[in-house]
$ cat query.pdb   # PDB, C-alpha atoms
ATOM      1  CA  MET N   1     -15.009  -8.061 -25.187
ATOM      2  CA  GLN N   2     -14.619  -4.814 -23.249
ATOM      3  CA  TYR N   3     -12.269  -4.210 -20.304
ATOM      4  CA  ARG N   4     -12.272  -1.955 -17.245
ATOM      5  CA  GLU N   5      -9.665  -1.217 -14.594
ATOM      6  CA  LEU N   6     -10.076  -3.223 -11.401
ATOM      7  CA  GLY N   7      -9.648  -0.925  -8.439
ATOM      8  CA  ARG N   8      -6.027   0.110  -7.971
ATOM      9  CA  THR N   9      -4.602  -3.279  -9.005
ATOM     10  CA  GLY N  10      -3.449  -2.084 -12.414
ATOM     11  CA  TRP N  11      -5.367  -4.958 -14.013
ATOM     12  CA  LYS N  12      -7.841  -4.496 -16.837
ATOM     13  CA  VAL N  13     -10.482  -7.195 -16.586
ATOM     14  CA  SER N  14     -13.251  -8.290 -18.906
ATOM     15  CA  THR N  15     -16.540  -6.535 -18.177
ATOM     16  CA  VAL N  16     -18.280  -9.892 -18.454
ATOM     17  CA  SER N  17     -16.190 -12.327 -16.464
ATOM     18  CA  PHE N  18     -16.847 -15.845 -15.150
ATOM     19  CA  GLY N  19     -18.537 -16.726 -11.875
ATOM     20  CA  ALA N  20     -17.528 -20.256 -10.892
ATOM     21  CA  TRP N  21     -20.095 -21.059  -8.200
ATOM     22  CA  ALA N  22     -22.266 -23.138 -10.515
ATOM     23  CA  ILE N  23     -19.420 -25.367 -11.707
ATOM     24  CA  GLY N  24     -18.585 -26.216  -8.108
ATOM     25  CA  GLY N  25     -22.031 -27.177  -6.885
ATOM     26  CA  SER N  26     -25.319 -26.055  -5.310
ATOM     27  CA  TRP N  27     -26.839 -25.518  -8.765
ATOM     28  CA  GLY N  28     -27.971 -29.043  -9.543
ATOM     29  CA  ASN N  29     -26.003 -31.549 -11.581
ATOM     30  CA  VAL N  30     -22.799 -30.341 -13.224
ATOM     31  CA  ASP N  31     -20.343 -32.185 -15.434
ATOM     32  CA  ASP N  32     -16.646 -31.337 -15.092
ATOM     33  CA  LYS N  33     -15.972 -31.778 -18.819
ATOM     34  CA  GLU N  34     -18.780 -29.385 -19.686
ATOM     35  CA  SER N  35     -17.621 -26.979 -16.991
ATOM     36  CA  LEU N  36     -14.084 -26.969 -18.343
ATOM     37  CA  ALA N  37     -15.439 -26.460 -21.851
ATOM     38  CA  ALA N  38     -17.423 -23.457 -20.594
ATOM     39  CA  LEU N  39     -14.280 -22.010 -19.030
ATOM     40  CA  HIS N  40     -12.284 -22.512 -22.230
ATOM     41  CA  ARG N  41     -14.998 -20.930 -24.363
ATOM     42  CA  SER N  42     -15.057 -17.921 -22.063
ATOM     43  CA  ILE N  43     -11.303 -17.432 -22.466
ATOM     44  CA  ASP N  44     -11.671 -17.827 -26.234
ATOM     45  CA  LEU N  45     -14.095 -14.891 -26.147
ATOM     46  CA  GLY N  46     -11.814 -12.594 -24.163
ATOM     47  CA  VAL N  47     -12.787 -13.318 -20.564
ATOM     48  CA  ASN N  48      -9.702 -12.907 -18.362
ATOM     49  CA  PHE N  49     -11.126 -12.899 -14.820
ATOM     50  CA  ILE N  50     -12.661 -15.783 -12.882
ATOM     51  CA  ASP N  51     -14.303 -15.612  -9.481
ATOM     52  CA  THR N  52     -14.420 -18.761  -7.368
ATOM     53  CA  ALA N  53     -14.346 -19.808  -3.692
ATOM     54  CA  ASP N  54     -12.920 -22.562  -1.536
ATOM     55  CA  VAL N  55     -16.394 -23.823  -0.623
ATOM     56  CA  TYR N  56     -17.700 -24.156  -4.180
ATOM     57  CA  GLY N  57     -17.857 -27.928  -4.347
ATOM     58  CA  ASP N  58     -15.352 -28.149  -1.471
ATOM     59  CA  GLY N  59     -12.508 -27.083  -3.760
ATOM     60  CA  ARG N  60     -13.896 -28.594  -6.952
ATOM     61  CA  SER N  61     -14.330 -25.204  -8.599
ATOM     62  CA  GLU N  62     -10.822 -24.035  -7.663
ATOM     63  CA  ARG N  63      -9.298 -27.225  -9.053
ATOM     64  CA  LEU N  64     -11.141 -26.819 -12.365
ATOM     65  CA  VAL N  65      -9.807 -23.281 -12.641
ATOM     66  CA  ALA N  66      -6.294 -24.580 -11.948
ATOM     67  CA  GLN N  67      -6.708 -27.097 -14.754
ATOM     68  CA  LEU N  68      -7.871 -24.340 -17.101
ATOM     69  CA  ARG N  69      -4.841 -22.197 -16.290
ATOM     70  CA  LYS N  70      -2.558 -25.143 -16.960
ATOM     71  CA  GLU N  71      -4.085 -25.577 -20.411
ATOM     72  CA  ARG N  72      -4.055 -21.894 -21.450
ATOM     73  CA  SER N  73      -1.255 -19.417 -22.102
ATOM     74  CA  GLU N  74      -3.309 -16.240 -21.646
ATOM     75  CA  THR N  75      -3.165 -14.118 -18.506
ATOM     76  CA  ILE N  76      -6.127 -15.180 -16.382
ATOM     77  CA  TYR N  77      -6.766 -13.395 -13.106
ATOM     78  CA  VAL N  78      -8.361 -15.602 -10.466
ATOM     79  CA  ALA N  79     -10.204 -14.388  -7.396
ATOM     80  CA  THR N  80     -11.138 -16.794  -4.653
ATOM     81  CA  LYS N  81     -12.790 -16.390  -1.261
ATOM     82  CA  ALA N  82     -12.199 -17.528   2.289
ATOM     83  CA  GLY N  83     -14.256 -17.777   5.447
ATOM     84  CA  ARG N  84     -17.295 -19.871   4.711
ATOM     85  CA  ARG N  85     -15.532 -23.066   5.704
ATOM     86  CA  LEU N  86     -15.961 -21.950   9.294
ATOM     87  CA  ASP N  87     -18.472 -24.038  11.215
ATOM     88  CA  PRO N  88     -20.016 -22.337  13.048
ATOM     89  CA  HIS N  89     -19.647 -19.310  10.792
ATOM     90  CA  LEU N  90     -18.840 -16.701  13.446
ATOM     91  CA  ALA N  91     -16.865 -13.472  13.389
ATOM     92  CA  ARG N  92     -14.231 -14.741  15.796
ATOM     93  CA  GLY N  93     -13.282 -17.395  13.255
ATOM     94  CA  TYR N  94     -11.845 -14.724  10.944
ATOM     95  CA  ASN N  95      -8.496 -14.876  12.680
ATOM     96  CA  ARG N  96      -4.891 -15.380  11.651
ATOM     97  CA  VAL N  97      -4.788 -19.140  12.135
ATOM     98  CA  ASN N  98      -7.948 -19.872  10.158
ATOM     99  CA  LEU N  99      -7.406 -17.390   7.342
ATOM    100  CA  THR N 100      -3.835 -18.587   6.849
ATOM    101  CA  ALA N 101      -5.025 -22.195   6.694
ATOM    102  CA  PHE N 102      -7.761 -21.317   4.196
ATOM    103  CA  VAL N 103      -5.255 -19.498   1.995
ATOM    104  CA  GLU N 104      -2.818 -22.413   2.060
ATOM    105  CA  ARG N 105      -5.611 -24.772   1.024
ATOM    106  CA  SER N 106      -6.675 -22.526  -1.854
ATOM    107  CA  LEU N 107      -3.074 -22.137  -3.016
ATOM    108  CA  LYS N 108      -2.902 -25.911  -3.279
ATOM    109  CA  ASN N 109      -6.262 -26.221  -5.052
ATOM    110  CA  LEU N 110      -5.336 -23.468  -7.506
ATOM    111  CA  ASN N 111      -1.818 -24.852  -7.965
ATOM    112  CA  THR N 112      -0.239 -21.435  -7.565
ATOM    113  CA  ASP N 113       2.242 -19.628  -5.359
ATOM    114  CA  ALA N 114       0.075 -16.551  -4.808
ATOM    115  CA  ILE N 115      -3.648 -15.835  -4.955
ATOM    116  CA  ASP N 116      -4.375 -12.976  -7.341
ATOM    117  CA  LEU N 117      -7.315 -11.640  -5.341
ATOM    118  CA  LEU N 118      -8.487 -13.010  -2.007
ATOM    119  CA  GLN N 119     -11.934 -11.981  -0.765
ATOM    120  CA  LEU N 120     -13.511 -12.427   2.636
ATOM    121  CA  HIS N 121     -16.569 -14.525   1.837
ATOM    122  CA  CYS N 122     -19.639 -12.696   3.108
ATOM    123  CA  PRO N 123     -18.516 -12.682   6.743
ATOM    124  CA  PRO N 124     -20.757 -11.621   9.623
ATOM    125  CA  THR N 125     -21.189  -7.843   9.736
ATOM    126  CA  GLU N 126     -19.101  -7.721  12.909
ATOM    127  CA  VAL N 127     -15.974  -8.682  10.934
ATOM    128  CA  PHE N 128     -16.035  -5.364   9.103
ATOM    129  CA  TYR N 129     -15.518  -3.703  12.479
ATOM    130  CA  MET N 130     -12.488  -5.892  13.295
ATOM    131  CA  PRO N 131      -9.329  -4.159  11.995
ATOM    132  CA  GLU N 132      -7.246  -7.084  13.208
ATOM    133  CA  THR N 133      -8.766  -9.244  10.449
ATOM    134  CA  PHE N 134      -7.653  -6.815   7.776
ATOM    135  CA  SER N 135      -4.192  -6.704   9.351
ATOM    136  CA  VAL N 136      -3.982 -10.452   8.764
ATOM    137  CA  LEU N 137      -4.798  -9.862   5.091
ATOM    138  CA  ASP N 138      -2.064  -7.209   4.920
ATOM    139  CA  ASP N 139       0.386  -9.724   6.344
ATOM    140  CA  LEU N 140      -0.635 -12.364   3.793
ATOM    141  CA  VAL N 141       0.107  -9.834   1.049
ATOM    142  CA  ALA N 142       3.463  -8.999   2.635
ATOM    143  CA  ALA N 143       4.277 -12.713   2.793
ATOM    144  CA  GLY N 144       3.603 -13.081  -0.941
ATOM    145  CA  LYS N 145       0.709 -15.488  -0.448
ATOM    146  CA  VAL N 146      -1.859 -12.981  -1.746
ATOM    147  CA  ARG N 147      -1.393 -10.227  -4.344
ATOM    148  CA  PHE N 148      -4.478  -8.156  -3.524
ATOM    149  CA  TYR N 149      -7.533  -8.532  -1.338
ATOM    150  CA  GLY N 150     -11.137  -7.437  -1.180
ATOM    151  CA  VAL N 151     -14.450  -8.470   0.301
ATOM    152  CA  SER N 152     -17.675 -10.113  -0.743
ATOM    153  CA  VAL N 153     -20.654  -8.647   1.093
ATOM    154  CA  GLU N 154     -24.374  -9.067   1.577
ATOM    155  CA  LYS N 155     -25.206  -5.511   2.636
ATOM    156  CA  VAL N 156     -24.454  -1.991   1.432
ATOM    157  CA  GLU N 157     -23.497  -1.128   5.028
ATOM    158  CA  GLU N 158     -20.757  -3.765   4.896
ATOM    159  CA  ALA N 159     -19.497  -2.497   1.549
ATOM    160  CA  LEU N 160     -19.192   1.054   2.825
ATOM    161  CA  LYS N 161     -17.433  -0.044   6.000
ATOM    162  CA  ALA N 162     -15.000  -2.317   4.136
ATOM    163  CA  MET N 163     -13.791   0.542   1.962
ATOM    164  CA  GLU N 164     -12.507   2.351   5.043
ATOM    165  CA  TYR N 165      -9.627  -0.139   5.103
ATOM    166  CA  PRO N 166      -7.037   1.355   2.740
ATOM    167  CA  ASN N 167      -5.911  -1.876   1.088
ATOM    168  CA  VAL N 168      -9.362  -3.188   0.171
ATOM    169  CA  GLN N 169      -9.203  -3.220  -3.619
ATOM    170  CA  THR N 170     -12.567  -4.720  -4.501
ATOM    171  CA  VAL N 171     -16.080  -5.234  -3.227
ATOM    172  CA  GLN N 172     -18.265  -8.019  -4.554
ATOM    173  CA  ILE N 173     -21.980  -7.389  -4.091
ATOM    174  CA  ILE N 174     -25.296  -8.558  -5.511
ATOM    175  CA  PHE N 175     -26.362  -6.070  -8.156
ATOM    176  CA  ASN N 176     -28.914  -6.664 -10.878
ATOM    177  CA  ILE N 177     -32.243  -5.387 -12.183
ATOM    178  CA  PHE N 178     -33.888  -6.820  -9.049
ATOM    179  CA  ARG N 179     -31.273  -5.449  -6.603
ATOM    180  CA  GLN N 180     -30.623  -1.794  -7.419
ATOM    181  CA  ARG N 181     -29.808  -0.250  -4.048
ATOM    182  CA  PRO N 182     -25.980  -0.459  -4.348
ATOM    183  CA  ALA N 183     -26.059   2.199  -7.076
ATOM    184  CA  GLU N 184     -27.467   4.849  -4.754
ATOM    185  CA  LEU N 185     -24.749   5.462  -2.156
ATOM    186  CA  PHE N 186     -22.154   2.752  -2.498
ATOM    187  CA  PHE N 187     -21.273   3.184  -6.186
ATOM    188  CA  PRO N 188     -20.325   6.887  -5.991
ATOM    189  CA  GLU N 189     -18.182   6.192  -2.936
ATOM    190  CA  ALA N 190     -16.459   3.267  -4.671
ATOM    191  CA  ILE N 191     -15.629   5.508  -7.625
ATOM    192  CA  ARG N 192     -14.231   8.140  -5.274
ATOM    193  CA  ARG N 193     -12.026   5.604  -3.509
ATOM    194  CA  LYS N 194     -11.073   3.765  -6.730
ATOM    195  CA  VAL N 195     -12.432   0.454  -5.459
ATOM    196  CA  GLY N 196     -13.403  -2.168  -8.018
ATOM    197  CA  ILE N 197     -16.908  -3.627  -7.991
ATOM    198  CA  LEU N 198     -17.739  -7.218  -8.907
ATOM    199  CA  ALA N 199     -21.475  -7.540  -9.567
ATOM    200  CA  ARG N 200     -22.553 -11.026  -8.575
ATOM    201  CA  VAL N 201     -25.854 -12.920  -8.981
ATOM    202  CA  PRO N 202     -26.402 -10.798 -12.100
ATOM    203  CA  LEU N 203     -29.254 -12.928 -13.408
ATOM    204  CA  ALA N 204     -31.039 -13.280 -10.057
ATOM    205  CA  SER N 205     -30.388 -17.042  -9.855
ATOM    206  CA  GLY N 206     -31.881 -17.575 -13.290
ATOM    207  CA  LEU N 207     -34.986 -15.421 -12.970
ATOM    208  CA  LEU N 208     -33.480 -12.870 -15.347
ATOM    209  CA  THR N 209     -32.706 -15.494 -17.977
ATOM    210  CA  GLY N 210     -36.399 -15.518 -18.812
ATOM    211  CA  LYS N 211     -36.253 -19.315 -18.975
ATOM    212  CA  LEU N 212     -37.976 -20.090 -15.661
ATOM    213  CA  ASN N 213     -41.702 -20.385 -15.134
ATOM    214  CA  ALA N 214     -44.222 -21.449 -12.489
ATOM    215  CA  LYS N 215     -43.697 -25.115 -13.375
ATOM    216  CA  SER N 216     -39.895 -25.051 -13.257
ATOM    217  CA  THR N 217     -38.388 -27.576 -10.858
ATOM    218  CA  PHE N 218     -34.968 -27.669  -9.227
ATOM    219  CA  GLU N 219     -32.846 -30.584  -8.086
ATOM    220  CA  LYS N 220     -32.625 -31.115  -4.332
ATOM    221  CA  ASP N 221     -28.970 -29.978  -4.241
ATOM    222  CA  ASP N 222     -29.827 -26.723  -6.048
ATOM    223  CA  HIS N 223     -29.984 -23.750  -3.679
ATOM    224  CA  ARG N 224     -33.052 -22.520  -5.568
ATOM    225  CA  ALA N 225     -34.837 -25.512  -4.048
ATOM    226  CA  PHE N 226     -33.393 -25.476  -0.526
ATOM    227  CA  ASN N 227     -32.537 -21.843   0.297
ATOM    228  CA  ARG N 228     -35.513 -19.732  -0.749
ATOM    229  CA  HIS N 229     -36.063 -18.607   2.822
ATOM    230  CA  GLY N 230     -32.434 -18.537   3.918
ATOM    231  CA  GLU N 231     -32.338 -22.063   5.302
ATOM    232  CA  SER N 232     -28.638 -22.567   4.474
ATOM    233  CA  PHE N 233     -27.220 -19.068   3.843
ATOM    234  CA  ASP N 234     -28.446 -15.542   3.260
ATOM    235  CA  ARG N 235     -31.751 -15.709   1.409
ATOM    236  CA  GLY N 236     -30.702 -12.734  -0.703
ATOM    237  CA  GLU N 237     -28.357 -15.071  -2.583
ATOM    238  CA  THR N 238     -31.345 -17.015  -3.952
ATOM    239  CA  PHE N 239     -33.438 -15.148  -6.535
ATOM    240  CA  SER N 240     -31.867 -11.986  -5.062
ATOM    241  CA  GLY N 241     -34.309 -12.248  -2.177
ATOM    242  CA  VAL N 242     -37.298 -11.706  -4.459
ATOM    243  CA  ASP N 243     -40.424 -13.822  -4.082
ATOM    244  CA  TYR N 244     -40.356 -16.314  -6.949
ATOM    245  CA  GLU N 245     -43.826 -15.548  -8.311
ATOM    246  CA  THR N 246     -43.228 -11.802  -8.133
ATOM    247  CA  GLY N 247     -39.967 -12.293  -9.961
ATOM    248  CA  LEU N 248     -41.674 -14.204 -12.765
ATOM    249  CA  GLN N 249     -44.327 -11.501 -13.126
ATOM    250  CA  SER N 250     -41.666  -8.802 -13.260
ATOM    251  CA  VAL N 251     -39.748 -10.680 -15.937
ATOM    252  CA  GLU N 252     -42.845 -10.652 -18.130
ATOM    253  CA  GLU N 253     -43.001  -6.875 -17.788
ATOM    254  CA  LEU N 254     -39.359  -6.618 -18.809
ATOM    255  CA  ARG N 255     -39.668  -8.762 -21.955
ATOM    256  CA  PRO N 256     -41.061  -6.024 -24.241
ATOM    257  CA  LEU N 257     -38.016  -3.867 -23.455
ATOM    258  CA  ILE N 258     -35.477  -6.358 -24.860
ATOM    259  CA  PRO N 259     -34.014  -5.097 -28.164
ATOM    260  CA  ALA N 260     -34.515  -7.255 -31.230
ATOM    261  CA  GLY N 261     -31.883  -9.963 -31.529
ATOM    262  CA  TRP N 262     -30.913  -9.850 -27.852
ATOM    263  CA  THR N 263     -31.527 -12.522 -25.256
ATOM    264  CA  MET N 264     -32.846 -11.642 -21.830
ATOM    265  CA  PRO N 265     -29.550 -12.569 -20.113
ATOM    266  CA  GLN N 266     -27.710 -10.191 -22.436
ATOM    267  CA  PHE N 267     -30.252  -7.482 -21.654
ATOM    268  CA  ALA N 268     -29.858  -8.025 -17.891
ATOM    269  CA  LEU N 269     -26.059  -8.090 -18.062
ATOM    270  CA  ARG N 270     -25.902  -4.998 -20.265
ATOM    271  CA  TRP N 271     -28.087  -3.140 -17.757
ATOM    272  CA  ILE N 272     -25.480  -3.835 -15.074
ATOM    273  CA  LEU N 273     -22.679  -2.558 -17.301
ATOM    274  CA  MET N 274     -24.547   0.700 -17.882
ATOM    275  CA  HIS N 275     -23.246   1.640 -14.416
ATOM    276  CA  GLU N 276     -19.702   2.944 -14.746
ATOM    277  CA  ALA N 277     -18.825   2.027 -11.159
ATOM    278  CA  VAL N 278     -19.132  -1.678 -11.975
ATOM    279  CA  THR N 279     -15.837  -3.196 -13.063
ATOM    280  CA  CYS N 280     -17.312  -6.494 -14.169
ATOM    281  CA  THR N 281     -20.243  -8.805 -13.737
ATOM    282  CA  ILE N 282     -19.668 -12.479 -13.020
ATOM    283  CA  PRO N 283     -22.453 -14.668 -14.428
ATOM    284  CA  GLY N 284     -22.076 -18.413 -14.151
ATOM    285  CA  ALA N 285     -22.018 -20.844 -17.053
ATOM    286  CA  LYS N 286     -22.240 -24.623 -16.933
ATOM    287  CA  ASN N 287     -21.652 -25.171 -20.657
ATOM    288  CA  PRO N 288     -20.077 -23.388 -23.637
ATOM    289  CA  VAL N 289     -23.398 -22.133 -25.008
ATOM    290  CA  GLN N 290     -24.163 -20.262 -21.785
ATOM    291  CA  ALA N 291     -20.616 -18.911 -21.685
ATOM    292  CA  GLU N 292     -20.925 -17.570 -25.221
ATOM    293  CA  GLU N 293     -24.300 -15.963 -24.579
ATOM    294  CA  ASN N 294     -22.959 -14.209 -21.494
ATOM    295  CA  ALA N 295     -19.800 -12.928 -23.161
ATOM    296  CA  LYS N 296     -21.720 -11.363 -26.045
ATOM    297  CA  ALA N 297     -23.423  -8.974 -23.605
ATOM    298  CA  ALA N 298     -20.173  -7.030 -23.226
ATOM    299  CA  ASP N 299     -20.293  -5.816 -26.816
ATOM    300  CA  GLN N 300     -23.970  -4.944 -27.042
ATOM    301  CA  PRO N 301     -24.796  -1.237 -27.490
ATOM    302  CA  SER N 302     -26.013   0.883 -24.606
ATOM    303  CA  LEU N 303     -29.609   0.595 -23.481
ATOM    304  CA  SER N 304     -31.822   3.558 -24.267
ATOM    305  CA  ASP N 305     -32.773   6.133 -21.644
ATOM    306  CA  GLU N 306     -36.374   5.040 -22.105
ATOM    307  CA  ALA N 307     -35.513   1.415 -21.356
ATOM    308  CA  MET N 308     -33.504   2.401 -18.284
ATOM    309  CA  GLU N 309     -36.396   4.477 -16.970
ATOM    310  CA  ARG N 310     -38.879   1.688 -17.576
ATOM    311  CA  ILE N 311     -36.675  -0.845 -15.776
ATOM    312  CA  LYS N 312     -36.510   1.463 -12.779
ATOM    313  CA  ALA N 313     -40.271   1.899 -12.817
ATOM    314  CA  ILE N 314     -40.810  -1.880 -12.775
ATOM    315  CA  TYR N 315     -38.342  -2.208  -9.902
ATOM    316  CA  ASP N 316     -40.014   0.574  -7.932
ATOM    317  CA  ALA N 317     -43.481  -0.867  -8.430
ATOM    318  CA  ARG N 318     -42.852  -4.574  -7.891
ATOM    319  CA  ILE N 319     -39.474  -5.237  -6.294
ATOM    320  CA  ARG N 320     -38.298  -2.315  -4.164
ATOM    321  CA  ASN N 321     -40.423  -3.067  -1.107
ATOM    322  CA  LEU N 322     -39.224  -6.683  -1.090
ATOM    323  CA  VAL N 323     -35.479  -6.082  -1.109
ATOM    324  CA  HIS N 324     -34.411  -2.469  -0.992
ATOM    325  CA  ASN N 325     -34.119  -1.983   2.750
ATOM    326  CA  HIS N 326     -32.953  -5.496   3.574
ATOM    327  CA  TRP N 327     -29.560  -5.474   1.871
TER
END
$ encode --input "query.pdb" --output "structure tokens"
Amino acid sequence: MQYRELGRTGWKVSTVSFGAWAIGGSWGNVDDKESLAALHRSIDLGVNFIDTADVYGDGRSERLVAQLRKERSETIYVATKAGRRLDPHLARGYNRVNLTAFVERSLKNLNTDAIDLLQLHCPPTEVFYMPETFSVLDDLVAAGKVRFYGVSVEKVEEALKAMEYPNVQTVQIIFNIFRQRPAELFFPEAIRRKVGILARVPLASGLLTGKLNAKSTFEKDDHRAFNRHGESFDRGETFSGVDYETGLQSVEELRPLIPAGWTMPQFALRWILMHEAVTCTIPGAKNPVQAEENAKAADQPSLSDEAMERIKAIYDARIRNLVHNHW
């Protein structure tokens, strides 16, 4: 496993970490025993950072992470998120009363006295223009409820705006072979400001595993079945906003570029880590085999310049017009 510094926190976190959305829900059937086994296997392989949220299974994911921490002696940094419990999900809901209540609930779920890293959970764009919200986060840090805070965003605009607040330590954003825009303007600015970057949806909701095809089916509680057009949340979270058929065609063009002995997920994760601005990527895993495959990507050698150029060419030809200017 490799490690990189996370913003200005002083932490060194595993470049391949653990995204805990899938073990909470919205990805079809999950088994808590298998989920816990996946978490344990990740820690065995050097993972020391887990990203979760209060809405992943209505606290289910946070509670599994708490159980893991209870059973392990290693230092495990846990990031959670707040805001998506709001209904309706409106900017005015990101206030002191609600954020404090969300934090207290997550503290209980995580069985801890302080949240390592709290992130606003893809709030409306307007929130990034509300300094009073970030003042609340400062107060939660001062009160000892939160150690550090950051944001999870949908758009590059939001990422750039968030970094204007001096105590934002991290930005979580979708970044993968099918979503390359963050590297253009946002990444250099994040490096300049020493802000950590968590690259989420690294495998484009499974498209970049190479295991999906035109006949693949998804359970009704899997967001890949019910959110392809943004019916429940931002459509960019599902297949990175790429049309499913186009994504499958693009994957076939990528296959010849995969080095011998690598899997496609390892190839896709290693591409992300070729960008020095990225602190870590947070793929999900619902079982130990997936966890092991993900973790191995951290130690793979660098991709060749030729492969990097070819990946960009495929993106420019097939994907760019679908996603580049939307997020």
$ resolve_selection --input "query.pdb" --expression "the PyMOL selection byres ((chain N and resi 110-113) around 9)" --output "list in words"
Gly59, Glu62, Arg63, Leu64, Val65, Ala66, Gln67, Arg69, Val78, Arg105, Ser106, Leu107, Lys108, Asn109, Ala114, Ile115, Gly144, Lys145 and Val146 of chain N
$ closest_residue --input "query.pdb" --among "N:Gly83, N:Gly19, N:Gly46, N:Gly25" --to "Tyr3 (chain N)" --atoms "all atoms listed in the file"
N:Gly46
$ residues_around --input "query.pdb" --residues "Thr246 (chain N)" --least-positions-apart "6" --cutoff "10 Å" --atoms "only C-alpha atoms" --output "list of chain:residue names"
N:Arg318, N:Ile319, N:Leu322
$ write_last_selection --input "query.pdb" --atoms "C-alpha atoms" --output "PDB file, keeping the file's coordinate frame"
ATOM      1  CA  ARG N 318     -42.852  -4.574  -7.891  1.00  0.00           C
ATOM      2  CA  ILE N 319     -39.474  -5.237  -6.294  1.00  0.00           C
ATOM      3  CA  LEU N 322     -39.224  -6.683  -1.090  1.00  0.00           C
TER       4      LEU N 322
END
$ closest_residue --input "query.pdb" --among "N:Leu273, N:Met163, N:Met130, N:Met1" --to "Ala183 (chain N)" --atoms "all atoms listed in the file"
N:Leu273
$ atom_distance --input "query.pdb" --atom1 "CA of Val171 (chain N)" --atom2 "CA of Phe233 (chain N)"
19.1 Å
$ atom_distance --input "query.pdb" --atom1 "CA of Pro188 (chain N)" --atom2 "CA of Ala79 (chain N)"
23.6 Å
$ decode --input "query.pdb" --residues "region 102-115 of chain N" --atoms "N, CA and C atoms" --output "CSV table (one decimal), in the first residue's frame"
chain,number,residue,atom,x,y,z
N,102,PHE,N,-27.2,16.4,13.0
N,102,PHE,CA,-26.6,15.4,12.1
N,102,PHE,C,-25.3,14.9,12.7
N,103,VAL,N,-24.5,15.8,13.2
N,103,VAL,CA,-23.2,15.4,13.8
N,103,VAL,C,-23.4,14.5,15.0
N,104,GLU,N,-24.3,14.9,15.9
N,104,GLU,CA,-24.6,14.1,17.1
N,104,GLU,C,-25.0,12.7,16.7
N,105,ARG,N,-25.9,12.6,15.7
N,105,ARG,CA,-26.3,11.3,15.3
N,105,ARG,C,-25.2,10.4,14.8
N,106,SER,N,-24.3,11.0,14.0
N,106,SER,CA,-23.2,10.3,13.4
N,106,SER,C,-22.2,9.9,14.5
N,107,LEU,N,-22.0,10.8,15.5
N,107,LEU,CA,-21.1,10.4,16.6
N,107,LEU,C,-21.6,9.2,17.3
N,108,LYS,N,-22.9,9.1,17.5
N,108,LYS,CA,-23.5,7.9,18.1
N,108,LYS,C,-23.4,6.7,17.2
N,109,ASN,N,-23.7,6.8,16.0
N,109,ASN,CA,-23.5,5.7,15.0
N,109,ASN,C,-22.1,5.2,15.0
N,110,LEU,N,-21.1,6.1,15.0
N,110,LEU,CA,-19.7,5.7,14.9
N,110,LEU,C,-19.1,5.4,16.2
N,111,ASN,N,-19.9,5.6,17.3
N,111,ASN,CA,-19.4,5.3,18.6
N,111,ASN,C,-18.1,6.0,18.9
N,112,THR,N,-18.1,7.3,18.7
N,112,THR,CA,-16.9,8.0,18.9
N,112,THR,C,-17.2,9.4,19.5
N,113,ASP,N,-16.2,10.0,20.1
N,113,ASP,CA,-16.4,11.4,20.7
N,113,ASP,C,-16.2,12.5,19.7
N,114,ALA,N,-15.4,12.2,18.6
N,114,ALA,CA,-15.2,13.2,17.6
N,114,ALA,C,-15.1,12.6,16.2
N,115,ILE,N,-15.7,13.2,15.2
N,115,ILE,CA,-15.6,12.8,13.9
N,115,ILE,C,-14.3,13.2,13.3
